[in-house]
Each structure stands twice: as C-alpha cells, then as structure tokens.
Amino acid sequence: MRKQVLSGLLGVLAAFVIGALVLLFQGFNPVTTYGALLQYSLLSASGFAATVTRAVPLILTGLSASIAFASGPVNLGQPGQLIMGALGVTLVGLFVRLPPVFLIPLCILASLLGGALWSGLAALLKRAFAMDEFIVTLMLNFIADYFALWVITYPLFDPSALSPMTRPISTAAWLPDLGGVNTSVLFMVFAAVVCWLIMSRGRSGYEWRMTGQNSLFARIGGCKVDANYVRVMLVTGALAGLAGGLMVMGGPHRFVKGLGANYAWDGIMIAVVAGSGVSGTFLYGLLFSALQQGAIGMELVTAVPSEFIDVLQAVIVLVVVAGRVSLNMVFDWLATRRKLKESAE
Amino acid sequence: MARDVLIDLRHITKVFPPDTIALSDVSVSFESGEIHALVGENGAGKSTLMKVLYGLERRDAGDIFFRGAKVEFRTPREAISAGIGMVHQEMLLIPEYTVWQNIVLGAEPVRAFGAIDVHRAREAVRQKIEEFQFNLEPDTLVGDISVAARQKVEILKLLYRNVSVLVLDEPTAVLTPQEIPQLFSELERLRDKGHTIIFISHRLDEVLTLSDRVTVMRRGKVVGTSAASELTKEDLARQMVGREVLFTSQRQPQEPGAMVFRAQGLNCSDAEHRARLHDVTVEVRAGEIIGVAGVEGNGQFELVNAIMGLAPMTSGTLEVNGKDIMRADILARRALISFVSQDRGKMGASINASILEDAIMTHHILDPGFSTWRGLGLNYRRAVAFTEQIRTQFNVSMSGVRDPFRSLSGGNQQKVILGRELLLETPFVLMDQPTRGLDVGSIEYVHQLLLDLRSKNRAVLLISADLDELFMVADRIVVMCQGDIVADLATNATSREEIGYYMLGGKETEHAETGS
C-alpha cells in the first residue's frame with residue numbers, strides 16, 4: 001500500500017518534470033504554465049468547483065472499469081453504458097411529472113438501470129453464447145452511440161434547436177449547485193464510498209477479487225462464479241450509467257449530441273493508472289479532472305495549447321504504470337544489497 | 001581414483017528479493033567423469049545453483065570456473081556451446097515433430113541457401129542413438145512416445161550438441177518405478193564414456209544407487225560433499241533435514257468405522273467420446289485412508305472432477321454420509337468434503353492474494369461467524385483471528401497474515417491450504433497429491449497429519465503418484481489404469497512391484513499366470 005502511494009507520487013512528479021522539459025523545448029515558461037494550470041483548477045473557487053464537478057463522470061466510469069478489471073470481466077463498455085444511463089434519465093425527466101423528492105431518486109434509478117441494461121446485455125450474450133464481453137461491450141458502445149443519436153434526432157428532437165438534442169427535462173429533476181459545486185458530486189462520493197465498502201469490507205467484493213485473480217480457485221471454494229460475473233457486469237454498468245445520468249441532471253439538463261465526450265475512455269485510463277483500486281481511482285480521477293479543467297484556464301493566460309494536457313496525461317499513464325514495475329525492481333535491488341551486506345557481516 | 005575438477009563454483013550467493021537468501025556462499029566442485037548428486041529439500045537451492053551455472057539466473061556474488069578458466073554464461077545457449085547442458089523437469093519438445101526433428105531443431109545441418117540437409121541430420125541422429133545405445137526410433141513422432149522416451153530425446157538433444165556435462169533436474173519424478181533402472185543404466189554408460197553428470201534429486205534411494213559423490217544442500221548452504229559409498233539413507237536424510245527422519249510407517253492398526261464415502265459406477269467421456277472413467281467404484285470408511293495409485297493421466301483428474309462436481313458424469317452415484325451428492329452444487333459438496341488439490345497455484349489458492357484471503361475461502365460462506373451486516377460484509381477481524389489460528393495450529397512460518405501468499409515457501413503455502421481445508425471439519429477428505437513439490441520435512445508433516453485424520457475417524461481418499469507415500473499411510477491401495485480401477489489391494493498384503501505392475505496395465509488374471 002505504502003509502496004503504491006510512493007510509486008504514484010513519484011510517477012506523477014516525474015511526469016510533471018517531463019512535461020516541463022517539453023514546455024521548455026517548445027519555448028514556453030513551465031512555471032507560469034503550471035501556475036495557470038493550478039490557478040484555474042484548484043486554487044480559485046470557481047476552478048475548484050468546476051474540477052470537482054468534472055470529476056463526477058471521470059471517477060464513476062473509472063470505478064466501473066476498476067471494479068470490472070479487479071473482478072475478472074473485461075468491461076470496456078463504459079461509453080455506451082454512460083449513454084444509456086443518460087438516456088434513461090432523459091426519458092424519465094421528459095415524461096414523468098413528480099416533485100423533486102420523488103423525481104430525483106427515480107431519475108437516479110433510471111440511470112442505474114440504463115447502464116445495467118447495456119452491460120447486462122453483454123453478460124447475457126456471454127452466458128448464453130459464450131461471447132467474450134471484451135468485444136461485445138466494445139461493439140455495444142457503437143450501438144448505444146448511434147441509437148442515442150437517432151433518439152435525439154427524430155423521436156425526441158427539440159424543434160426549436162439547431163443541432164440534435166432533446167427538450168430540457170423537468171426542472172424537478174435538475175440537480176442544483178451548492179456554492180458553485182454541483183450536487184451530483186454528493187451522489188458520486190456516495191457511490192465511491194459504497195464501492196469501497198463492497199470491495200474492501202464486503203463479502204461480494206472478496207469473492208469478486210478472488211474470482212478475478214483465480215476463478216478456478218474461487219469456484220472450488222464454493223463461490224458462485226457465474227452469478228458473480230453477472231452481478232459484476234450489472235454493478236459496473238450501473239456505475240457508468242449513473243455517470244451519464246448525473247451529467248444530464250447536473251449539466252445541460254437535456255440529452256445533447258456528443259454528451260458523453262471522452263469521459264468514459266478517460267475513466268478506463270484512470271482505472272488502469274490506479275491499478276484497479278477503488279481509492280486510487282478516486283484520487284487519479286480528481287487529478288485528471290484538475291488537469292483537464294486547468295487546461296482551459298491555461299489556454300486563456302498562456303500561449304500553450306490545451307493539447308499539452310493530453311500529452312501530460314499520456315506521460316502520467318506511461319510513467320506511473322511503468323514506474324510501478326521499475327520501482328519494484330529498485331526496491332528488489334536495494335533489498336538484495338542490504339541482504340548481501342548483512343550476510344557478509 | 002583421482003579425477004580432474006571440471007566445474008568449480010566458488011562462493012556463489014543469490015538473493016531473491018526482498019529477503020530470501022537462496023544461495024549463501026556456496027562452493028561446490030564437480031569432477032570430470034563422475035555422477036554427482038545434488039540433494040536437498042525443496043527450497044534448499046539446488047535448482048537455483050544449477051540455473052546460475054546454466055545462465056538462467058544471475059548470481060549476486062561468486063565465481064564460476066570451467067576447465068580451470070573463469071566463465072560467465074549469460075544464456076543457456078552459451079552454456080551449451082561451452083559443453084554444459086541441462087534437462088529440465090518439464091520437457092520442451094514438439095509433439096508433432098519426429099524424434100530426429102526435435103533433436104536437430106535449432107542446430108540443423110544445412111546445405112547451400114540454408115536448406116536443411118535432411119539426410120545428414122537423420123544420419124547424425126541415428127549415429128548418436130547407436131553410439132549411446134538409446135532405444136529410440138528416429139522417425140516416430142514425439143507425441144506418440146512415452147514420457148521416459150521423451151526424456152531420452154531431451155538428453156540426446158544435448159548430446160547431439162556435444163555437451164560433456166549433463167545436468168538433470170529430478171529426472172525420475174516423471175518416471176514409473178519400472179522405467180527408472182533403464183535411465184540409470186543409460187546414465188552410467190554416459191559416465192563411462194567420459195561425460196559428467198549432475199543429478200538433482202530428493203529421492204534418497206536413487207541418489208545412493210546411482211551417484212559417485214553426493215553434495216547435500218540445506219537452506220541455501222552446502223552441508224557437505226561425500227562419496228556415496230560412505231553414506232546411508234539415514235545419514236543423507238539427517239543432513240538434508242537437520243534432524244532424524246522416520247522412514248517407517250507409524251500407522252497403527254485400527255478397525256474402520258461406518259461407510260462415509262461411496263462412489264459407484266462413475267462413467268464419463270471426453271469431447272471425443274473416449275471413456276475417461278469407466279465404472280469406477282471407490283468406498284472409504286471412517287478412520288480409513290484409501291490410496292489411489294496410477295501413472296498420471298489415467299483417470300485421477302477425472303475422478304477428482306467427479307467428486308468435486310467440476311465436470312458432469314454420464315452415470316454413477318456419489319454419496320457422503322449416505323447423502324446423495326451427484327447433483328449437488330460445489331458449495332453443497334464443500335460442506336461435506338475437504339479438498340487439497342495437487343496444484344497450489346491453480347486450484348488451491350490465489351498466488352497474488354494475501355495469506356488471509358486465501359485462508360478464509362469457503363469458510364467465509366459456510367461459517368456464519370465470518371459475515372457481518374446480515375451477510376453483506378466480511379468480518380475481517382474474525383478472518384485475521386482465523387488465519388492466526390491456522391498459523392499456530394499448523395506451524396506456518398509467515399511474518400504477517402496480510403503478506404502476499406506468494407511470499408511463502410511451498411511447504412508453508414501447503415500448510416495454509418491444509419489448515420483451511422482440515423478446519424472445515426468435514427467427514428470426508430480428498431487429497432490429490434498433497435505432498436507434490438514439498439521437501440522431506442513438509443512431507444513428513446503431511447503424512448503425520450493424514451494419520452491424525454485417520455485416528456480422528458475421518459475418511460480420507462489420497463491420490464498419489466508416490467508409492468512410498470501410499471505404503472506409508474494408506475490402509476488399502478486401489479490402482480487406476482486407463483480410467484479403470486484395475487486392482488484393490490490391502491497395503492499390508494502387497495508390494496511396490498505388484499502395484500507398479502498394475503499401474504502399467506497388467507491384468508489380475510495375467511498376473512496370476514506369470515506369478516505361478
């Protein structure tokens with residue numbers, strides 16, 4: 001655990017140093033660039049609020065991928081599941097008239113169900129026809145994408161709009177801002193805590209992790225690995241769906257074209273950087289969100305293009321993941337030296 | 001007679017991080033033209049030492065001298081071209097290729113433009129076979145020949161590359177008792193032709209029969225090198241383990257109790273509709289150990305699958321304590337059956353999990369004390385206490401219950417698994433080669449545990465490839481051959497030769513004829 005924290009910190013630090021070298025090489029001042037990055041993501045009130053709100057879809061899809069990868073199923077369908085969750089919220093928000101106390105929970109439920117439906121479809125195909133969820137979830141992403149585009153272009157199209165989007169959902173389903181921070185953050189934090197409890201304190205989390213590491217061992221140990229597979233797929237789909245739902249409820253309040261953007265793919269990347277751990281995913285999610293948010297401000301005050309942040313993110317992924325291995329090699333080498341010295345005495 | 005020192009290993013040290021000293025200041029010399037046995041418990045460092053010599057492991061200190069010159073082999077290829085070859089336990093041959101193709105592979109004689117000179121290659125292989133009098137046919141497919149013959153192909157592969165030193169890593173582990181003498185006479189012939197043979201083993205009888213000199217290793221250190229003729233089995237065992245080891249069975253006579261386990265008429269087939277189990281019937285009573293002998297791959301795997309519910313059977317019945325479990329799911333069976341598998345990393349545990357996580361498997365479902373929050377949560381405090389209980393009760397040496405399972409030695413891993421399974425307190429215990437890959441001390445411990453189970457009136461079915469083990473603990477031995485139970489013999493009224501005869505497919509009636 002302590003090693004993981006150390007390798008993460010060192011990795012991120014090293015990535016920032018590499019980023020600074022890239023900036024210098026391009027003739028920019030790294031200090032002002034990083035200063036602007038920090039100013040517009042964490043140090044200003046509005047920047048911090050935007051960073052935390054942006055972290056909602058990143059962390060939720062990241063948790064989805066982390067739990068799936070740690071438990072065995074290679075669920076790469078977060079983008080599609082996110083869209084189906086957002087679609088679920090849109091449908092409920094457009095056609096159900098209830099006061100917020102009832103409508104908000106109903107919308108949340110719809111987003112969970114929307115995502116779970118999409119991952120459940122992949123689970124069903126796996127169970128019935130042994131189709132690999134790795135490829136099925138990837139393909140379902142395209143179907144979700146174009147299905148949503150059709151829905152917002154034809155049946156639910158807002159005639160007053162210029163591009164494909166639905167009418168706004170009932171204001172009773174809008175999640176308000178509290179001091180600039182959108183309340184969707186509360187749902188995300190709650191979901192993250194539940195995920196941590198399931199994985200680190202729950203019986204299911206234990207069984208899922210064991211199945212992910214060695215499914216034959218778990219099966220002989222009496223775990224219902226097939227049922228657990230379906231449960232993991234449903235839970236991780238629901239998490240990605242929740243991400244989409246919260247985006248609609250907290251953001252544009254309607255389904256607009258290109259809603260999911262790259263959030264889910266970034267979430268998968270975050271899960272990989274975090275080594276499929278729940279708390280790691282949460283922290284890296286905040287970091288990546290801060291970078292993406294800070295990029296906007298950075299572009300305002302410096303001449304550095306925001307694409308630099310893509311480079312920085314890629315460097316973090318590479319350095320942290322590679323660093324995990326090489327740091328272990330350094331630890332091993334140090335331990336060997338120490339042991340040799342001990343035995344020589 | 002005085003021989004020249006051929007290989008001299010001086011002060012070799014190897015550390016496996018974080019803190020395992022695999023080899024500590026090891027110095028051994030191997031003389032030209034001798035059969036030199038390297039013995040020791042598992043984890044004593046014998047294989048590691050040979051891997052360091054062979055260029056498969058880097059050493060952290062020390063020097064290697066070969067023919068008087070300091071050498072440094074970075075890869076096995078360099079070692080082979082210098083004249084040192086190693087045969088590993090798991091063989092790496094291509095079953096679809098013929099014997100001669102496998103032998104020349106990687107060192108083919110070529111004609112112009114790189115075309116393989118088939119005629120010359122076959123001829124060279126044939127010559128080698130004749131020179132060393134190996135009973136092999138160059139044109140048969142390797143997939144069609146026995147394990148013993150494949151081993152010969154591996155040895156010939158090295159001889160074809162003109163090695164003068166052969167290192168064999170536990171060559172007899174894969175052979176039946178009948179095949180071992182032939183290997184030994186071939187090795188002796190090689191020695192008489194001037195080859196040097198280094199032979200890793202932990203079967204003491206073999207070591208004493210075959211070798212000229214013996215080096216004993218314990219815990220990464222050399223205990224000593226002596227001439228085999230000056231040693232007894234008891235000496236060797238004492239040097240290996242560091243204390244006296246009992247070789248005689250401690251099995252006390254005991255009347256078996258009620259019928260606990262009964263498998264009747266089990267049948268199953270593989271995907272190609274070949275019968276893998278044929279009318280297998282086994283019964284085990286309380287306070288009884290039934291041993292299952294047989295060459296690997298003769299239905300033991302399928303029998304385990306049948307009992308544990310891992311594969312469907314076409315017909316048959318299975319009962320534990322009179323309860324029909326033929327259609328029960330795995331969890332229901334686990335309430336009645338403790339199971340120790342032969343492969344710790346595959347079925348027995350998750351290597352990358354913590355010791356605690358591996359220790360509580362199955363208990364976390366069957367024992368309500370492990371759940372909190374109405375079964376949603378796992379009681380980790382209880383899990384820690386339980387793992388500590390296994391640690392004290394089964395003498396596991398570990399530094400912390402949350403350490404990775406991988407960091408334990410093989411013997412300690414097996415103790416954790418045994419502890420987990422035996423604390424399930426089931427009436428029936430299924431053990432599939434529970435001592436495989438363990439050292440002498442741990443094997444002794446497992447045998448004692450088995451006999452304890454017997455005196456506690458548990459019913460034990462023990463599948464084993466080690467006849468010594470079966471004779472040590474089993475009350476009766478059944479022999480499996482090609483999916484059939486071909487013999488069922490009381491241990492006191494049979495011999496290793498008789499069991500070996502049935503293992504290789506001898507029938508009861510034929511045996512009676514040849515016996516008369």
# chains A, B, ... in the order shown; residues from 1 in each chain; ligands from 1
>>> interface_residues(of="chain A", to="chain B", cutoff="12 Å", atoms="only C-alpha atoms", output="ChimeraX atom specification")
/A:1,70,194,196-225,328-344
>>> select_by_dssp(residues="stretch 113-326 of chain A", states="alpha helix (DSSP H)", output="number ranges by chain")
A: 113-129, 133-153, 184-201, 203-213, 215-220, 225-250, 263-273, 278-301, 307-326
>>> closest_residue(among="A:Ser326, A:Thr53, A:Gln313, A:Gln293", to="A:Gln39", atoms="only C-alpha atoms")
A:Gln293
>>> residues_around(residues="B:Arg402", least_positions_apart="5", cutoff="7 Å", atoms="only C-alpha atoms", output="PyMOL selection string")
chain B and resi 354-356
>>> closest_residue(among="B:Gly419, B:Gly106, B:Gly500, B:Gly45", to="B:Val216", atoms="only C-alpha atoms")
B:Gly45
>>> closest_residue(among="B:Ser269, B:Thr209, B:Thr491, B:Gln413", to="B:Lys233", atoms="only C-alpha atoms")
B:Thr209
>>> closest_residue(among="A:Val304, A:Ile59, A:Leu113, A:Val101", to="A:Val193", atoms="only C-alpha atoms")
A:Ile59
